[in-house]
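Peer 1: Sharing entry34.txt, compact mmCIF, C-alpha atoms:
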```txt
# COMPACT_ATOMS: atom_id res chain seq x y z
CA MET A 26 2.01 5.11 7.03
CA PRO A 27 1.15 1.46 6.40
CA GLU A 28 3.33 -0.14 3.74
CA GLY A 29 2.39 -2.53 0.96
CA PRO A 30 2.01 -5.70 3.09
CA SER A 31 -0.35 -3.95 5.52
CA VAL A 32 -2.52 -2.48 2.76
CA ARG A 33 -2.74 -5.91 1.12
CA LYS A 34 -4.04 -7.24 4.44
CA PHE A 35 -6.65 -4.45 4.50
CA HIS A 36 -7.66 -5.44 0.97
CA HIS A 37 -8.11 -9.00 2.18
CA LEU A 38 -10.43 -7.78 4.96
CA VAL A 39 -12.57 -5.73 2.56
CA SER A 40 -12.91 -8.36 -0.20
CA PRO A 41 -15.61 -10.52 1.49
CA PHE A 42 -17.97 -7.52 1.46
CA VAL A 43 -17.92 -7.17 -2.34
CA GLY A 44 -21.46 -7.63 -3.61
CA GLN A 45 -23.10 -6.38 -0.40
CA GLN A 46 -25.11 -3.23 0.27
CA VAL A 47 -24.32 -0.59 2.88
CA VAL A 48 -27.25 -0.56 5.34
CA LYS A 49 -25.87 1.66 8.12
CA THR A 50 -23.06 4.21 8.40
CA GLY A 51 -21.08 6.11 11.00
CA GLY A 52 -17.76 7.86 11.56
CA SER A 53 -16.19 11.26 12.08
CA SER A 54 -15.27 12.12 8.47
CA LYS A 55 -16.01 15.73 7.55
CA LYS A 56 -14.95 15.68 3.91
CA LEU A 57 -17.06 12.64 3.05
CA THR A 58 -20.36 12.53 4.89
CA PRO A 59 -20.75 8.94 6.17
CA THR A 60 -24.49 8.99 5.42
CA SER A 61 -23.71 9.47 1.71
CA PHE A 62 -22.70 5.78 1.62
CA GLN A 63 -26.14 4.66 2.74
CA SER A 64 -27.69 2.08 0.37
CA LEU A 65 -24.65 1.99 -1.93
CA TRP A 66 -23.36 -1.38 -3.14
CA LEU A 67 -19.69 -2.31 -2.82
CA GLN A 68 -18.93 -3.71 -6.27
CA ASP A 69 -15.16 -4.10 -6.37
CA THR A 70 -11.95 -3.47 -4.43
CA ARG A 71 -8.38 -3.13 -5.66
CA VAL A 72 -5.01 -2.46 -4.14
CA HIS A 73 -1.91 -0.85 -5.58
CA GLY A 74 1.12 -0.17 -3.43
CA LYS A 75 0.01 1.82 -0.39
CA LYS A 76 -3.44 2.73 -1.71
CA LEU A 77 -6.74 0.93 -1.53
CA PHE A 78 -9.67 1.46 -3.89
CA LEU A 79 -13.32 0.59 -3.30
CA ARG A 80 -15.95 0.85 -6.02
CA PHE A 81 -19.48 1.79 -4.97
CA ASP A 82 -22.58 1.83 -7.18
CA PRO A 83 -26.05 3.05 -6.28
CA GLY A 84 -27.81 -0.10 -7.55
CA GLU A 85 -27.31 -3.84 -7.96
CA GLU A 86 -26.18 -3.57 -11.55
CA ILE A 87 -22.44 -3.90 -12.06
CA VAL A 88 -21.00 -1.90 -14.93
CA SER A 89 -18.09 -3.28 -16.90
CA LEU A 90 -14.85 -1.36 -17.37
CA GLY A 91 -15.12 -1.69 -21.14
CA ASN A 92 -16.78 0.70 -23.56
CA SER A 93 -20.34 -0.22 -22.57
CA PRO A 94 -22.29 -1.65 -19.64
CA LEU A 95 -22.77 -5.38 -19.38
CA SER A 96 -25.55 -6.58 -21.61
CA GLU A 97 -27.17 -8.34 -18.66
CA PRO A 98 -26.88 -6.98 -15.11
CA LEU A 99 -25.17 -9.10 -12.50
CA ARG A 100 -27.70 -9.72 -9.76
CA LYS A 101 -27.14 -10.82 -6.18
CA GLY A 102 -26.19 -14.44 -6.87
CA GLU A 103 -23.73 -13.46 -9.58
CA GLN A 104 -22.30 -10.74 -7.36
CA LYS A 105 -21.49 -13.35 -4.71
CA ASP A 106 -19.68 -15.43 -7.33
CA LYS A 107 -17.79 -12.32 -8.36
CA ALA A 108 -16.84 -11.65 -4.73
CA ARG A 109 -15.50 -15.22 -4.28
CA HIS A 110 -13.56 -14.97 -7.52
CA HIS A 111 -12.22 -11.60 -6.43
CA GLN A 112 -10.87 -13.04 -3.20
CA GLU A 113 -8.98 -15.73 -5.12
CA ALA A 114 -7.35 -13.28 -7.53
CA SER A 115 -3.67 -12.93 -6.66
CA ASP A 116 -3.19 -9.63 -8.48
CA PRO A 117 -6.23 -7.36 -8.87
CA PHE A 118 -4.30 -5.09 -11.23
CA SER A 119 -3.05 -7.85 -13.50
CA GLN A 120 -5.67 -7.12 -16.14
CA SER A 121 -6.25 -3.67 -17.52
CA PRO A 122 -9.28 -2.65 -19.52
CA GLY A 123 -8.63 -2.76 -23.24
CA GLY A 124 -9.30 -0.09 -25.77
CA ASP A 125 -8.84 2.87 -23.41
CA SER A 126 -6.18 5.54 -23.58
CA ALA A 127 -4.54 6.13 -20.22
CA VAL A 128 -3.22 9.38 -18.81
CA PRO A 129 -0.85 9.79 -15.83
CA SER A 130 -2.33 10.49 -12.42
CA GLY A 131 0.45 11.37 -9.98
CA ASP A 132 3.82 9.77 -9.34
CA ASP A 133 2.66 6.57 -7.63
CA GLY A 134 2.48 4.33 -10.67
CA LEU A 135 -1.27 4.80 -10.92
CA GLN A 136 -3.27 5.87 -13.91
CA CYS A 137 -6.89 6.77 -14.46
CA LEU A 138 -8.86 5.95 -17.56
CA GLY A 139 -8.96 8.89 -19.92
CA ARG A 140 -12.64 8.62 -20.74
CA ASP A 141 -15.99 9.31 -19.17
CA THR A 142 -18.14 6.49 -17.90
CA PRO A 143 -21.13 5.51 -20.05
CA ALA A 144 -24.07 7.90 -20.04
CA GLY A 145 -26.20 7.55 -16.94
CA VAL A 146 -23.60 5.43 -15.15
CA ALA A 147 -21.81 6.75 -12.05
CA GLU A 148 -18.67 4.66 -11.63
CA ARG A 149 -17.36 5.81 -8.29
CA TRP A 150 -14.14 4.64 -6.69
CA LEU A 151 -13.23 5.56 -3.14
CA GLN A 152 -9.47 6.04 -2.87
CA VAL A 153 -8.18 5.34 0.63
CA SER A 154 -4.73 6.64 1.58
CA PHE A 155 -3.62 5.70 5.08
CA GLY A 156 -1.85 8.01 7.51
CA LEU A 157 0.43 7.06 10.38
CA PHE A 158 -1.19 4.17 12.27
CA GLY A 159 -3.98 4.07 9.69
CA SER A 160 -5.90 0.80 9.54
CA ILE A 161 -9.10 -1.06 8.72
CA ARG A 162 -10.88 -3.24 11.25
CA MET A 163 -13.43 -5.89 10.31
CA ASN A 164 -16.30 -6.55 12.73
CA GLU A 165 -14.45 -4.87 15.58
CA PHE A 166 -13.38 -1.42 16.71
CA SER A 167 -9.89 -0.30 17.66
CA ARG A 168 -9.27 0.01 21.38
CA ALA A 169 -6.90 2.32 23.25
CA LYS A 170 -3.60 0.62 24.04
CA LYS A 171 -2.38 3.35 26.36
CA ALA A 172 -3.52 6.60 27.94
CA ASN A 173 -3.21 9.86 26.00
CA LYS A 174 -1.23 12.90 27.18
CA ARG A 175 -4.13 13.88 29.44
CA GLY A 176 -4.18 10.47 31.03
CA ASP A 177 -7.46 9.48 29.38
CA TRP A 178 -8.04 6.02 27.95
CA ARG A 179 -10.03 7.02 24.90
CA ASP A 180 -10.61 4.62 22.04
CA PRO A 181 -9.65 5.89 18.56
CA ILE A 182 -12.58 7.33 16.60
CA PRO A 183 -13.04 5.80 13.13
CA ARG A 184 -13.24 8.12 10.13
CA LEU A 185 -15.83 5.88 8.52
CA VAL A 186 -17.89 2.87 9.57
CA LEU A 187 -19.83 0.86 7.00
CA HIS A 188 -22.33 -1.80 8.06
CA PHE A 189 -23.27 -4.21 5.28
CA SER A 190 -26.31 -6.31 4.45
CA GLY A 191 -24.41 -9.46 5.39
CA SER A 192 -24.36 -8.31 9.05
CA GLY A 193 -20.65 -7.44 9.15
CA PHE A 194 -19.00 -4.02 9.22
CA LEU A 195 -15.75 -2.25 8.35
CA ALA A 196 -14.16 0.56 10.38
CA PHE A 197 -11.60 2.88 8.73
CA TYR A 198 -9.05 4.72 10.92
CA ASN A 199 -6.68 7.61 10.27
CA CYS A 200 -7.01 7.71 6.51
CA ARG A 201 -7.72 10.21 3.76
CA MET A 202 -10.63 9.30 1.51
CA THR A 203 -11.40 10.88 -1.85
CA TRP A 204 -13.75 10.00 -4.70
CA ARG A 205 -12.43 9.12 -8.15
CA PHE A 206 -14.87 9.07 -11.04
CA SER A 207 -12.68 6.90 -13.23
CA SER A 208 -11.34 3.41 -12.86
CA PRO A 209 -7.87 3.16 -11.24
CA VAL A 210 -5.41 1.25 -13.37
CA GLY A 211 -2.07 0.51 -11.77
CA SER A 212 0.82 -1.20 -13.45
CA PRO A 213 1.80 -4.38 -11.56
CA ALA A 214 5.34 -3.80 -12.86
CA SER A 215 5.96 -1.27 -10.09
CA ASP A 216 4.21 -3.12 -7.24
CA ILE A 217 6.77 -4.92 -5.08
CA LEU A 218 4.18 -7.55 -4.03
CA SER A 219 2.95 -8.32 -7.53
CA GLU A 220 4.04 -11.43 -9.38
CA LYS A 221 4.60 -9.12 -12.35
CA PHE A 222 6.96 -6.78 -10.51
CA HIS A 223 9.50 -5.65 -13.13
CA ARG A 224 12.98 -6.23 -11.69
CA GLY A 225 14.69 -4.79 -14.75
CA GLN A 226 12.81 -1.51 -14.39
CA ALA A 227 13.66 -1.39 -10.69
CA LEU A 228 17.36 -2.11 -11.32
CA GLU A 229 17.55 0.60 -13.97
CA ALA A 230 16.08 3.12 -11.51
CA LEU A 231 18.45 2.06 -8.73
CA GLY A 232 21.48 2.46 -11.01
CA ARG A 233 21.15 6.23 -11.14
CA GLU A 234 23.67 8.58 -9.49
CA GLN A 235 21.42 9.55 -6.59
CA PRO A 236 21.53 7.74 -3.21
CA VAL A 237 19.74 4.40 -3.31
CA CYS A 238 17.67 5.26 -0.21
CA TYR A 239 15.97 8.01 -2.25
CA THR A 240 15.20 5.72 -5.16
CA LEU A 241 13.78 2.95 -2.99
CA LEU A 242 11.00 5.25 -1.78
CA ASP A 243 10.06 6.31 -5.33
CA GLN A 244 6.61 4.76 -5.74
CA ARG A 245 6.91 4.87 -9.54
CA PHE A 246 9.38 1.99 -9.34
CA PHE A 247 8.77 0.50 -5.86
CA SER A 248 5.08 0.93 -5.18
CA GLY A 249 4.25 -0.23 -1.65
CA LEU A 250 7.80 0.18 -0.35
CA GLY A 251 8.04 2.31 2.80
CA ASN A 252 10.55 3.25 5.44
CA ILE A 253 10.64 -0.11 7.23
CA ILE A 254 11.26 -2.10 4.04
CA LYS A 255 13.84 0.48 2.91
CA ASN A 256 15.89 0.21 6.09
CA GLU A 257 15.71 -3.58 6.33
CA ALA A 258 16.55 -4.24 2.67
CA LEU A 259 19.55 -1.90 2.74
CA PHE A 260 20.93 -3.47 5.91
CA ARG A 261 20.49 -7.03 4.70
CA ALA A 262 22.19 -6.14 1.43
CA GLY A 263 25.05 -4.43 3.30
CA ILE A 264 24.54 -1.15 1.45
CA HIS A 265 24.93 2.31 2.97
CA PRO A 266 21.74 4.37 2.47
CA LEU A 267 23.61 7.26 0.82
CA SER A 268 25.55 5.10 -1.63
CA PRO A 269 24.90 6.36 -5.17
CA GLY A 270 23.42 3.56 -7.23
CA SER A 271 25.89 4.29 -10.02
CA LEU A 272 28.75 3.14 -7.74
CA LEU A 273 27.11 -0.20 -6.98
CA GLY A 274 27.61 -3.07 -9.37
CA LEU A 275 24.75 -5.05 -10.82
CA PRO A 276 25.22 -8.00 -8.39
CA ARG A 277 24.79 -5.71 -5.37
CA LEU A 278 21.77 -3.97 -6.87
CA GLU A 279 20.22 -7.36 -7.67
CA ALA A 280 20.83 -8.45 -4.09
CA LEU A 281 19.10 -5.28 -2.86
CA VAL A 282 16.03 -5.96 -5.01
CA ASP A 283 16.02 -9.57 -3.80
CA HIS A 284 15.90 -8.39 -0.19
CA VAL A 285 13.13 -5.89 -0.97
CA VAL A 286 10.94 -8.60 -2.48
CA ALA A 287 11.78 -11.28 0.11
CA PHE A 288 11.27 -9.07 3.15
CA SER A 289 7.98 -7.71 1.76
CA ALA A 290 6.66 -11.20 0.99
CA ASP A 291 7.67 -12.52 4.43
CA TRP A 292 6.00 -9.54 6.08
CA LEU A 293 2.78 -10.14 4.15
CA GLN A 294 2.81 -13.85 5.03
CA GLY A 295 3.28 -12.93 8.68
CA LYS A 296 0.28 -10.61 8.45
CA PHE A 297 -1.94 -13.51 7.42
CA GLN A 298 -0.41 -15.85 10.02
CA GLY A 299 -0.71 -13.30 12.83
CA THR A 300 3.03 -13.19 13.54
CA GLN A 301 5.15 -10.10 14.17
CA GLN A 302 7.66 -9.20 11.48
CA HIS A 303 11.24 -9.39 12.78
CA THR A 304 13.39 -6.36 12.02
CA GLN A 305 17.18 -6.28 12.28
CA ILE A 306 17.96 -2.55 11.96
CA TYR A 307 14.75 -0.51 11.98
CA GLN A 308 14.47 1.43 15.29
CA LYS A 309 17.35 -0.57 16.75
CA GLU A 310 20.25 0.75 18.82
CA GLN A 311 22.55 -2.10 17.83
CA CYS A 312 22.72 -4.31 14.77
CA PRO A 313 22.66 -8.14 15.12
CA ALA A 314 26.49 -8.09 15.20
CA GLY A 315 26.47 -5.78 18.22
CA HIS A 316 27.61 -2.61 16.42
CA GLN A 317 26.21 0.79 17.30
CA VAL A 318 23.50 1.90 14.88
CA VAL A 319 23.33 5.42 13.44
CA LYS A 320 19.97 7.19 13.08
CA GLU A 321 19.53 10.20 10.82
CA SER A 322 16.84 11.86 8.73
CA LEU A 323 17.71 11.44 5.06
CA GLY A 324 16.00 12.57 1.90
CA PRO A 325 16.50 14.50 -1.34
CA PRO A 326 17.23 18.25 -1.04
CA GLY A 327 13.95 20.06 -0.58
CA GLY A 328 12.13 16.74 -0.29
CA PHE A 329 10.66 14.72 2.54
CA GLN A 330 13.24 13.52 5.08
CA ARG A 331 12.75 10.03 6.51
CA LEU A 332 14.37 8.57 9.60
CA THR A 333 17.00 6.07 8.51
CA TRP A 334 18.92 3.52 10.56
CA TRP A 335 22.17 1.92 9.41
CA CYS A 336 25.32 0.28 10.74
CA PRO A 337 28.56 2.01 9.66
CA GLN A 338 30.48 -1.27 10.05
CA CYS A 339 28.06 -3.54 8.20
CA GLN A 340 27.06 -0.89 5.64
CA PRO A 341 30.23 1.06 4.77
CA ARG A 342 29.75 4.07 2.54
CA LEU A 343 31.28 3.85 -0.93
CA SER A 344 33.20 6.57 -2.70
CA ALA A 345 34.23 6.86 -6.35
CA ASP A 346 37.84 5.88 -5.56
CA ASP A 347 36.99 3.03 -3.15
CA PRO A 348 38.98 -0.02 -4.30
CA LYS A 349 36.49 -2.35 -2.60
CA GLN A 350 33.52 -1.22 -4.62
CA VAL A 351 32.08 -3.67 -7.11
CA GLN A 352 32.44 -2.41 -10.65
CA PRO A 353 29.28 -2.36 -12.75
CA SER A 354 28.80 -5.47 -14.88
```
Go ahead and render the structure in this file as structure tokens.
Peer 2:
Amino acid sequence: MPEGPSVRKFHHLVSPFVGQQVVKTGGSSKKLTPTSFQSLWLQDTRVHGKKLFLRFDPGEEIVSLGNSPLSEPLRKGEQKDKARHHQEASDPFSQSPGGDSAVPSGDDGLQCLGRDTPAGVAERWLQVSFGLFGSIRMNEFSRAKKANKRGDWRDPIPRLVLHFSGSGFLAFYNCRMTWRFSSPVGSPASDILSEKFHRGQALEALGREQPVCYTLLDQRFFSGLGNIIKNEALFRAGIHPLSPGSLLGLPRLEALVDHVVAFSADWLQGKFQGTQQHTQIYQKEQCPAGHQVVKESLGPPGGFQRLTWWCPQCQPRLSADDPKQVQPS
């Protein structure tokens, strides 16, 4: 599925439509009838890790996330200002509503507000979770890049298409969409692309006895981190995927976190510049040094197994009696 940098790019595509009304719909979604979006207003959009959230309201009035609606509704002109301000915000989750108790909602670092919305107000958030090759296209449709197994060149069918009052449209592909009737609040401390990413929290999680490749995919501590970032960060840090974090010293764990953040940021920058992200180990047969790469499905017992690539020479596995291991600081 798309990782944090890709979902941030999708968020960037959606943001210009904040403050506009849906005037036409389409798509193949069965769970959410596309026509149910007709005439709704896109009021806000947020991103956290691998998930995207879009807030729709039935009217022009924008409701605050506090304990009561805004005293004066934000009309069209103010909505456009809000949309421009929204595009400039570097971290949409940096501010959480005050005065609300929060309750956990899954293991992805997300929370939902533990209160009902004000009487008569339907605060609806569309949660978009992307599957393999999931994407969002703005003002264009995805085209077939190759023939299918039957030899047909059929273009992918979007799950949802939303045409807006500003003449543009968004097409959503290969994604799961569900309604949330509470405001999503994600902690930026777990988001690897947030300026408030908490390195100390991440290092503490990595220092556990389990293999570091398991911990890296734990969205509670590394929200937005997926299989590509996992493989690349481990290779660049010279760490075997199955090395228990407890055997790695603090300097090596810090180097691993550095590579996670740097690779993710470079990938995101490349998304905006239209350049392809360069990988050194992911889906490679040889590492940059010319060594043979090993590929194996790894994951916690009873958990999801993910394809993992590593170089036995560049990423030697540590054991408890290995004299070369770095002792914890």
Peer 1: Give the answer as one residue: which of A:Ser167, A:Ser215, A:Ser208, A:Ser40 has the shortest atom-to-atom distance to A:Asp243, using only C-alpha atoms?
Peer 2: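 Result for the nearest residue to A:Asp243: A:Ser215.
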Peer 1: Nearest to A:Val286 among A:Glu229, A:Asp180, A:Asp82, A:Glu220, with distances taken over only C-alpha atoms: which residue is it?
Peer 2: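 Nearest candidate to A:Val286 out of A:Glu229, A:Asp180, A:Asp82, A:Glu220: A:Glu220.
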Peer 1: Out of A:Gly263, A:Pro59, A:Gly274, A:Gly29, which residue has the shortest atom-to-atom distance to A:Met202 when counting all atoms listed in the file?
Peer 2: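 Of A:Gly263, A:Pro59, A:Gly274, A:Gly29, the one nearest A:Met202 is A:Pro59, counting all atoms listed in the file.
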Peer 1: Show me, as a JSON list (two decimals) with C-alpha atoms, in the coordinates of the input, the residues that have an atom within 10 Å of stretch 322-325 of chain A when counting only C-alpha atoms, minus same-chain residues fewer than 2 positions from it.
Peer 2:
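Listing of out.json after writing:
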```json
[["chain", "number", "residue", "atom", "x", "y", "z"],
["A", 235, "GLN", "CA", 21.42, 9.55, -6.59],
["A", 236, "PRO", "CA", 21.53, 7.74, -3.21],
["A", 238, "CYS", "CA", 17.67, 5.26, -0.21],
["A", 239, "TYR", "CA", 15.97, 8.01, -2.25],
["A", 240, "THR", "CA", 15.20, 5.72, -5.16],
["A", 242, "LEU", "CA", 11.00, 5.25, -1.78],
["A", 266, "PRO", "CA", 21.74, 4.37, 2.47],
["A", 267, "LEU", "CA", 23.61, 7.26, 0.82],
["A", 320, "LYS", "CA", 19.97, 7.19, 13.08],
["A", 327, "GLY", "CA", 13.95, 20.06, -0.58],
["A", 328, "GLY", "CA", 12.13, 16.74, -0.29],
["A", 329, "PHE", "CA", 10.66, 14.72, 2.54],
["A", 330, "GLN", "CA", 13.24, 13.52, 5.08],
["A", 331, "ARG", "CA", 12.75, 10.03, 6.51],
["A", 332, "LEU", "CA", 14.37, 8.57, 9.60],
["A", 333, "THR", "CA", 17.00, 6.07, 8.51],
["A", 334, "TRP", "CA", 18.92, 3.52, 10.56]]
```
Peer 1: Counting only C-alpha atoms, figure out which residue out of A:Val186, A:Val32, A:Met26, A:Leu157 gets nearest to A:Phe62.
Peer 2: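 Ranking A:Val186, A:Val32, A:Met26, A:Leu157 by distance to A:Phe62, first place goes to A:Val186.
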Peer 1: Hey, which of A:Pro181, A:Phe189, A:Phe155, A:Glu28 ends up closest to A:Phe247? Count all atoms listed in the file.
Peer 2: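 The closest residue to A:Phe247 is A:Glu28.
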Peer 1: Interatomic distance between atom CA of A:Tyr198 and atom CA of A:Ser54?
Peer 2: 10.0 Å
Peer 1: So what do you get for atom CA of A:Arg233 versus atom CA of A:Pro27, distance-wise?
Peer 2: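 So the answer is 27.0 Å.
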Peer 1: Which polymer residues, whether protein, DNA or RNA, lie within 12 Å of the coordinate (23.0, 4.9, 15.8) when you count all atoms listed in the file? List them as a tab-separated table (two decimals) with C-alpha atoms, in the frame of the given file, using the chain letters and numbers from the file.
Peer 2:
```tsv
chain	number	residue	atom	x	y	z
A	306	ILE	CA	17.96	-2.55	11.96
A	307	TYR	CA	14.75	-0.51	11.98
A	308	GLN	CA	14.47	1.43	15.29
A	309	LYS	CA	17.35	-0.57	16.75
A	310	GLU	CA	20.25	0.75	18.82
A	311	GLN	CA	22.55	-2.10	17.83
A	312	CYS	CA	22.72	-4.31	14.77
A	315	GLY	CA	26.47	-5.78	18.22
A	316	HIS	CA	27.61	-2.61	16.42
A	317	GLN	CA	26.21	0.79	17.30
A	318	VAL	CA	23.50	1.90	14.88
A	319	VAL	CA	23.33	5.42	13.44
A	320	LYS	CA	19.97	7.19	13.08
A	321	GLU	CA	19.53	10.20	10.82
A	322	SER	CA	16.84	11.86	8.73
A	332	LEU	CA	14.37	8.57	9.60
A	333	THR	CA	17.00	6.07	8.51
A	334	TRP	CA	18.92	3.52	10.56
A	335	TRP	CA	22.17	1.92	9.41
A	336	CYS	CA	25.32	0.28	10.74
A	337	PRO	CA	28.56	2.01	9.66
A	338	GLN	CA	30.48	-1.27	10.05
```
Peer 1: Point out the residue among A:Pro209, A:Gly176, A:Gly299, A:Gly193 with the least atom-to-atom distance to A:Arg162, counting all atoms listed in the file.
Peer 2: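 The answer is A:Gly193, which sits nearest to A:Arg162.
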Peer 1: Quick one: pull the distance between atom CA of A:Lys55 and atom CA of A:Met163, Å, one decimal.
Peer 2: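 That distance, rounded to one decimal, is 21.9 Å.
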Peer 1: What would the list of residues within 9 Å of (9.2, -9.0, 4.2) (file frame) look like as a list in words, if only C-alpha atoms are what count?
Peer 2: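 Answer for this query, in the requested form: Pro30, Ile254, Glu257, Ala258, His284, Val285, Val286, Ala287, Phe288, Ser289, Ala290, Asp291, Trp292, Leu293, Gln294, Gly295, Gln302 and His303 of chain A.
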Peer 1: For stretch 238-255 of chain A in the structure I just supplied, write out N, CA, C and O atoms - as a PDB file, in the first residue's frame.
Peer 2:
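Final file, selection-v2.pdb:
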```pdb
ATOM      1  N   CYS A 238      12.869  -5.193  12.478  1.00  0.00           N
ATOM      2  CA  CYS A 238      12.009  -5.093  11.299  1.00  0.00           C
ATOM      3  C   CYS A 238      10.535  -5.194  11.676  1.00  0.00           C
ATOM      4  O   CYS A 238       9.672  -4.695  10.944  1.00  0.00           O
ATOM      5  N   TYR A 239      10.216  -5.829  12.822  1.00  0.00           N
ATOM      6  CA  TYR A 239       8.836  -5.874  13.295  1.00  0.00           C
ATOM      7  C   TYR A 239       8.436  -4.508  13.847  1.00  0.00           C
ATOM      8  O   TYR A 239       7.363  -3.991  13.559  1.00  0.00           O
ATOM      9  N   THR A 240       9.324  -3.938  14.642  1.00  0.00           N
ATOM     10  CA  THR A 240       9.016  -2.672  15.313  1.00  0.00           C
ATOM     11  C   THR A 240       8.852  -1.536  14.311  1.00  0.00           C
ATOM     12  O   THR A 240       7.991  -0.672  14.484  1.00  0.00           O
ATOM     13  N   LEU A 241       9.672  -1.537  13.267  1.00  0.00           N
ATOM     14  CA  LEU A 241       9.610  -0.451  12.295  1.00  0.00           C
ATOM     15  C   LEU A 241       8.232  -0.338  11.635  1.00  0.00           C
ATOM     16  O   LEU A 241       7.802   0.757  11.272  1.00  0.00           O
ATOM     17  N   LEU A 242       7.531  -1.457  11.488  1.00  0.00           N
ATOM     18  CA  LEU A 242       6.223  -1.435  10.843  1.00  0.00           C
ATOM     19  C   LEU A 242       5.087  -1.200  11.826  1.00  0.00           C
ATOM     20  O   LEU A 242       3.917  -1.201  11.437  1.00  0.00           O
ATOM     21  N   ASP A 243       5.412  -0.978  13.097  1.00  0.00           N
ATOM     22  CA  ASP A 243       4.396  -0.695  14.112  1.00  0.00           C
ATOM     23  C   ASP A 243       3.968   0.768  13.966  1.00  0.00           C
ATOM     24  O   ASP A 243       4.728   1.687  14.287  1.00  0.00           O
ATOM     25  N   GLN A 244       2.751   0.983  13.474  1.00  0.00           N
ATOM     26  CA  GLN A 244       2.277   2.333  13.176  1.00  0.00           C
ATOM     27  C   GLN A 244       2.059   3.175  14.426  1.00  0.00           C
ATOM     28  O   GLN A 244       1.903   4.396  14.332  1.00  0.00           O
ATOM     29  N   ARG A 245       2.069   2.574  15.596  1.00  0.00           N
ATOM     30  CA  ARG A 245       1.953   3.354  16.838  1.00  0.00           C
ATOM     31  C   ARG A 245       3.189   4.211  17.073  1.00  0.00           C
ATOM     32  O   ARG A 245       3.108   5.260  17.721  1.00  0.00           O
ATOM     33  N   PHE A 246       4.321   3.760  16.547  1.00  0.00           N
ATOM     34  CA  PHE A 246       5.574   4.482  16.752  1.00  0.00           C
ATOM     35  C   PHE A 246       6.164   5.043  15.453  1.00  0.00           C
ATOM     36  O   PHE A 246       6.935   6.006  15.492  1.00  0.00           O
ATOM     37  N   PHE A 247       5.801   4.425  14.318  1.00  0.00           N
ATOM     38  CA  PHE A 247       6.336   4.849  13.019  1.00  0.00           C
ATOM     39  C   PHE A 247       5.188   4.948  12.015  1.00  0.00           C
ATOM     40  O   PHE A 247       5.145   4.212  11.021  1.00  0.00           O
ATOM     41  N   SER A 248       4.273   5.843  12.276  1.00  0.00           N
ATOM     42  CA  SER A 248       3.118   6.003  11.404  1.00  0.00           C
ATOM     43  C   SER A 248       3.547   6.518  10.037  1.00  0.00           C
ATOM     44  O   SER A 248       4.253   7.525   9.928  1.00  0.00           O
ATOM     45  N   GLY A 249       3.143   5.819   8.988  1.00  0.00           N
ATOM     46  CA  GLY A 249       3.529   6.181   7.629  1.00  0.00           C
ATOM     47  C   GLY A 249       4.661   5.342   7.084  1.00  0.00           C
ATOM     48  O   GLY A 249       4.952   5.383   5.889  1.00  0.00           O
ATOM     49  N   LEU A 250       5.328   4.570   7.947  1.00  0.00           N
ATOM     50  CA  LEU A 250       6.456   3.750   7.518  1.00  0.00           C
ATOM     51  C   LEU A 250       5.936   2.436   6.947  1.00  0.00           C
ATOM     52  O   LEU A 250       5.152   1.739   7.592  1.00  0.00           O
ATOM     53  N   GLY A 251       6.358   2.099   5.749  1.00  0.00           N
ATOM     54  CA  GLY A 251       5.952   0.861   5.096  1.00  0.00           C
ATOM     55  C   GLY A 251       7.143   0.023   4.700  1.00  0.00           C
ATOM     56  O   GLY A 251       8.280   0.255   5.123  1.00  0.00           O
ATOM     57  N   ASN A 252       6.890  -0.962   3.856  1.00  0.00           N
ATOM     58  CA  ASN A 252       7.908  -1.960   3.548  1.00  0.00           C
ATOM     59  C   ASN A 252       9.112  -1.384   2.813  1.00  0.00           C
ATOM     60  O   ASN A 252      10.246  -1.817   3.023  1.00  0.00           O
ATOM     61  N   ILE A 253       8.884  -0.424   1.932  1.00  0.00           N
ATOM     62  CA  ILE A 253      10.019   0.161   1.197  1.00  0.00           C
ATOM     63  C   ILE A 253      10.936   0.915   2.155  1.00  0.00           C
ATOM     64  O   ILE A 253      12.163   0.721   2.157  1.00  0.00           O
ATOM     65  N   ILE A 254      10.349   1.782   2.983  1.00  0.00           N
ATOM     66  CA  ILE A 254      11.164   2.551   3.935  1.00  0.00           C
ATOM     67  C   ILE A 254      11.869   1.615   4.903  1.00  0.00           C
ATOM     68  O   ILE A 254      13.038   1.823   5.244  1.00  0.00           O
ATOM     69  N   LYS A 255      11.177   0.563   5.356  1.00  0.00           N
ATOM     70  CA  LYS A 255      11.784  -0.399   6.281  1.00  0.00           C
ATOM     71  C   LYS A 255      13.046  -1.004   5.683  1.00  0.00           C
ATOM     72  O   LYS A 255      14.114  -1.015   6.312  1.00  0.00           O
TER      73      LYS A 255
END
```
